Structures are given as structure tokens and as C-alpha cells.
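Heads up, model-v3.cif below (mmCIF, N, CA and C atoms):
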```cif
data_coords
loop_
_atom_site.label_atom_id
_atom_site.label_comp_id
_atom_site.auth_asym_id
_atom_site.auth_seq_id
_atom_site.Cartn_x
_atom_site.Cartn_y
_atom_site.Cartn_z
N MET A 550 193.04 221.66 -57.68
CA MET A 550 192.55 222.05 -56.36
C MET A 550 193.16 223.39 -55.99
N SER A 551 192.36 224.27 -55.37
CA SER A 551 192.86 225.59 -55.03
C SER A 551 193.72 225.54 -53.77
N GLN A 552 194.58 226.53 -53.67
CA GLN A 552 195.49 226.64 -52.55
C GLN A 552 194.71 226.98 -51.28
N GLU A 553 195.15 226.47 -50.12
CA GLU A 553 194.48 226.75 -48.86
C GLU A 553 194.56 228.24 -48.57
N LEU A 554 193.46 228.79 -48.12
CA LEU A 554 193.38 230.22 -47.84
C LEU A 554 194.17 230.55 -46.58
N THR A 555 195.00 231.56 -46.68
CA THR A 555 195.75 232.06 -45.53
C THR A 555 195.32 233.49 -45.28
N TYR A 556 195.70 234.00 -44.12
CA TYR A 556 195.36 235.38 -43.79
C TYR A 556 195.92 236.32 -44.85
N GLU A 557 197.16 236.11 -45.22
CA GLU A 557 197.83 236.99 -46.19
C GLU A 557 197.13 236.97 -47.55
N THR A 558 196.78 235.78 -48.05
CA THR A 558 196.12 235.73 -49.35
C THR A 558 194.72 236.34 -49.28
N ALA A 559 194.02 236.11 -48.17
CA ALA A 559 192.69 236.69 -48.00
C ALA A 559 192.77 238.21 -47.94
N TYR A 560 193.73 238.72 -47.20
CA TYR A 560 193.91 240.17 -47.07
C TYR A 560 194.27 240.79 -48.42
N ASN A 561 195.16 240.14 -49.15
CA ASN A 561 195.54 240.65 -50.47
C ASN A 561 194.36 240.67 -51.44
N GLU A 562 193.56 239.61 -51.39
CA GLU A 562 192.37 239.57 -52.25
C GLU A 562 191.38 240.67 -51.87
N LEU A 563 191.24 240.90 -50.57
CA LEU A 563 190.37 242.00 -50.11
C LEU A 563 190.85 243.34 -50.63
N GLN A 564 192.16 243.56 -50.60
CA GLN A 564 192.72 244.81 -51.11
C GLN A 564 192.42 244.97 -52.60
N LEU A 565 192.53 243.88 -53.36
CA LEU A 565 192.24 243.94 -54.79
C LEU A 565 190.77 244.26 -55.05
N ILE A 566 189.89 243.61 -54.29
CA ILE A 566 188.46 243.87 -54.45
C ILE A 566 188.15 245.32 -54.12
N ALA A 567 188.71 245.82 -53.03
CA ALA A 567 188.47 247.21 -52.63
C ALA A 567 188.96 248.17 -53.71
N ALA A 568 190.13 247.90 -54.26
CA ALA A 568 190.69 248.77 -55.29
C ALA A 568 189.80 248.75 -56.54
N GLU A 569 189.34 247.57 -56.92
CA GLU A 569 188.46 247.46 -58.10
C GLU A 569 187.18 248.26 -57.90
N ILE A 570 186.61 248.17 -56.69
CA ILE A 570 185.36 248.89 -56.41
C ILE A 570 185.62 250.40 -56.37
N GLU A 571 186.70 250.81 -55.70
CA GLU A 571 187.03 252.23 -55.62
C GLU A 571 187.29 252.84 -56.99
N ASN A 572 187.92 252.08 -57.86
CA ASN A 572 188.25 252.57 -59.21
C ASN A 572 187.11 252.35 -60.20
N GLU A 573 186.00 251.85 -59.68
CA GLU A 573 184.83 251.56 -60.50
C GLU A 573 185.16 250.62 -61.65
N ALA A 574 186.05 249.67 -61.36
CA ALA A 574 186.47 248.70 -62.37
C ALA A 574 185.61 247.44 -62.33
N VAL A 575 184.59 247.43 -61.48
CA VAL A 575 183.71 246.27 -61.36
C VAL A 575 182.37 246.62 -62.00
N SER A 576 181.94 245.77 -62.90
CA SER A 576 180.64 246.00 -63.53
C SER A 576 179.53 245.79 -62.51
N VAL A 577 178.43 246.41 -62.75
CA VAL A 577 177.27 246.27 -61.86
C VAL A 577 176.87 244.80 -61.74
N ASP A 578 177.03 244.05 -62.82
CA ASP A 578 176.67 242.64 -62.82
C ASP A 578 177.53 241.83 -61.85
N LEU A 579 178.77 242.25 -61.63
CA LEU A 579 179.68 241.51 -60.76
C LEU A 579 179.80 242.10 -59.36
N LEU A 580 179.25 243.28 -59.15
CA LEU A 580 179.42 243.99 -57.89
C LEU A 580 178.93 243.17 -56.70
N ALA A 581 177.73 242.62 -56.77
CA ALA A 581 177.19 241.84 -55.66
C ALA A 581 178.08 240.62 -55.36
N GLU A 582 178.58 239.98 -56.42
CA GLU A 582 179.46 238.82 -56.25
C GLU A 582 180.74 239.23 -55.52
N LYS A 583 181.32 240.36 -55.91
CA LYS A 583 182.55 240.85 -55.27
C LYS A 583 182.32 241.21 -53.81
N VAL A 584 181.17 241.82 -53.52
CA VAL A 584 180.86 242.21 -52.15
C VAL A 584 180.64 240.96 -51.28
N LYS A 585 179.99 239.95 -51.83
CA LYS A 585 179.80 238.69 -51.10
C LYS A 585 181.14 238.04 -50.80
N ARG A 586 182.01 238.01 -51.79
CA ARG A 586 183.35 237.42 -51.59
C ARG A 586 184.11 238.20 -50.53
N ALA A 587 184.01 239.52 -50.58
CA ALA A 587 184.69 240.35 -49.59
C ALA A 587 184.17 240.04 -48.19
N ALA A 588 182.88 239.84 -48.04
CA ALA A 588 182.30 239.52 -46.73
C ALA A 588 182.85 238.20 -46.20
N VAL A 589 182.98 237.21 -47.08
CA VAL A 589 183.55 235.91 -46.68
C VAL A 589 185.00 236.09 -46.24
N LEU A 590 185.76 236.87 -47.00
CA LEU A 590 187.17 237.09 -46.67
C LEU A 590 187.33 237.85 -45.37
N ILE A 591 186.48 238.83 -45.14
CA ILE A 591 186.54 239.61 -43.89
C ILE A 591 186.26 238.70 -42.70
N GLU A 592 185.26 237.86 -42.80
CA GLU A 592 184.93 236.92 -41.71
C GLU A 592 186.10 235.98 -41.46
N PHE A 593 186.70 235.47 -42.53
CA PHE A 593 187.85 234.58 -42.40
C PHE A 593 188.99 235.28 -41.66
N CYS A 594 189.29 236.51 -42.06
CA CYS A 594 190.39 237.26 -41.43
C CYS A 594 190.10 237.54 -39.96
N GLN A 595 188.86 237.90 -39.65
CA GLN A 595 188.49 238.16 -38.26
C GLN A 595 188.65 236.90 -37.41
N GLU A 596 188.22 235.77 -37.93
CA GLU A 596 188.36 234.51 -37.19
C GLU A 596 189.83 234.16 -36.99
N LYS A 597 190.63 234.37 -38.02
CA LYS A 597 192.06 234.07 -37.93
C LYS A 597 192.73 234.96 -36.89
N LEU A 598 192.37 236.25 -36.86
CA LEU A 598 192.94 237.17 -35.89
C LEU A 598 192.52 236.79 -34.46
N ARG A 599 191.25 236.42 -34.28
CA ARG A 599 190.79 236.02 -32.94
C ARG A 599 191.52 234.76 -32.48
N ALA A 600 191.68 233.79 -33.36
CA ALA A 600 192.37 232.55 -33.01
C ALA A 600 193.83 232.82 -32.66
N THR A 601 194.46 233.68 -33.43
CA THR A 601 195.86 234.02 -33.16
C THR A 601 196.00 234.75 -31.84
N GLU A 602 195.09 235.67 -31.56
CA GLU A 602 195.12 236.40 -30.29
C GLU A 602 194.99 235.44 -29.11
N THR A 603 194.07 234.49 -29.21
CA THR A 603 193.88 233.50 -28.15
C THR A 603 195.14 232.67 -27.96
N GLU A 604 195.72 232.23 -29.06
CA GLU A 604 196.94 231.41 -28.99
C GLU A 604 198.10 232.18 -28.36
N VAL A 605 198.28 233.43 -28.76
CA VAL A 605 199.36 234.25 -28.21
C VAL A 605 199.13 234.48 -26.71
N ASN A 606 197.89 234.78 -26.33
CA ASN A 606 197.59 234.97 -24.91
C ASN A 606 197.88 233.72 -24.10
N ASN A 607 197.56 232.55 -24.65
CA ASN A 607 197.85 231.29 -23.96
C ASN A 607 199.35 231.08 -23.81
N ILE A 608 200.11 231.40 -24.83
CA ILE A 608 201.57 231.27 -24.76
C ILE A 608 202.13 232.20 -23.70
N ILE A 609 201.64 233.43 -23.66
CA ILE A 609 202.11 234.40 -22.66
C ILE A 609 201.79 233.90 -21.25
N LYS A 610 200.58 233.36 -21.05
CA LYS A 610 200.21 232.82 -19.74
C LYS A 610 201.12 231.67 -19.34
N GLN A 611 201.45 230.80 -20.30
CA GLN A 611 202.35 229.69 -20.02
C GLN A 611 203.73 230.20 -19.64
N MET A 612 204.20 231.21 -20.37
CA MET A 612 205.52 231.76 -20.07
C MET A 612 205.53 232.41 -18.69
N GLU A 613 204.48 233.11 -18.34
CA GLU A 613 204.39 233.74 -17.03
C GLU A 613 204.32 232.69 -15.94
N GLY A 614 203.61 231.58 -16.22
CA GLY A 614 203.53 230.48 -15.24
C GLY A 614 204.87 229.83 -15.04
N ASN A 615 205.63 229.64 -16.11
CA ASN A 615 206.97 229.03 -16.02
C ASN A 615 207.93 229.96 -15.31
N LYS A 616 207.79 231.25 -15.53
CA LYS A 616 208.67 232.23 -14.90
C LYS A 616 208.49 232.20 -13.39
N GLY A 617 207.26 232.04 -12.94
CA GLY A 617 206.97 231.99 -11.51
C GLY A 617 207.58 230.78 -10.83
N GLY A 618 207.68 229.69 -11.56
CA GLY A 618 208.25 228.46 -11.00
C GLY A 618 209.76 228.46 -10.93
N GLU A 619 210.42 229.39 -11.60
CA GLU A 619 211.88 229.44 -11.64
C GLU A 619 212.48 230.23 -10.49
N LYS A 620 211.65 230.90 -9.72
CA LYS A 620 212.18 231.74 -8.62
C LYS A 620 212.82 230.92 -7.54
#
```
Do you think you could lay out the structure here as C-alpha cells?
Amino acid sequence: MSQELTYETAYNELQLIAAEIENEAVSVDLLAEKVKRAAVLIEFCQEKLRATETEVNNIIKQMEGNKGGEK
């Protein structure tokens, strides 16, 4: 079974795909497959960043709410 995808592993894989494409190390036969995989990884990273932003904002709101009650 494959390891669960994390932001870091997805980002690293994206960097590898980009480098392969930039260096023309990807055959034409595999190019579409690599681009599709990159699209999936980009979407995953965007979702992860949005979820993290929401979570951090919620934590900040909670901290600000608690700070107001301590006065």
C-alpha cells in the first residue's frame, strides 16, 4: 500500500515533474501522464493550503476570543 500523500511529498513530486519537463527528460509518450499527475498534485496542495488557512484563522479567532475574556 502506498504512503498517504502529504503536502510535502506532493510538492516534492511536483518539483521533480517540473524539472523533468524543463530538462526535456520526459518522452512525448509520458508527457500527458506527467501533466495529469501534476494537475492532481496541484489541486491537492491547493486544498491542503486552504484547509490549513481556515484552521489557522479559527485558532486565531479562538485566541482573540479568549484574550477578551481575560480582561
| message | For this structure, which residues satisfy the selection - the PyMOL selection byres ((chain A and resi 553-567) around 7) - when it is evaluated on the file as given? I want them as a PyMOL selection string. | response | chain A and resi 550-552+568-572+583+587+590-591+593-594+597
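Taking atom CA of Glu596 of chain A and atom C of Lys610 of chain A as the two end points, the separation is 22.1 Å.
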| said: Write out as a PyMOL selection string the set of residues from chain A that DSSP, computed on the backbone, places in helix (DSSP H, G or I). | reply: chain A and resi 556-571+577-618
| message | Between atom CA of Met612 of chain A and atom CA of Arg599 of chain A, what distance in Å does the model show, to one decimal? | response | 20.0 Å
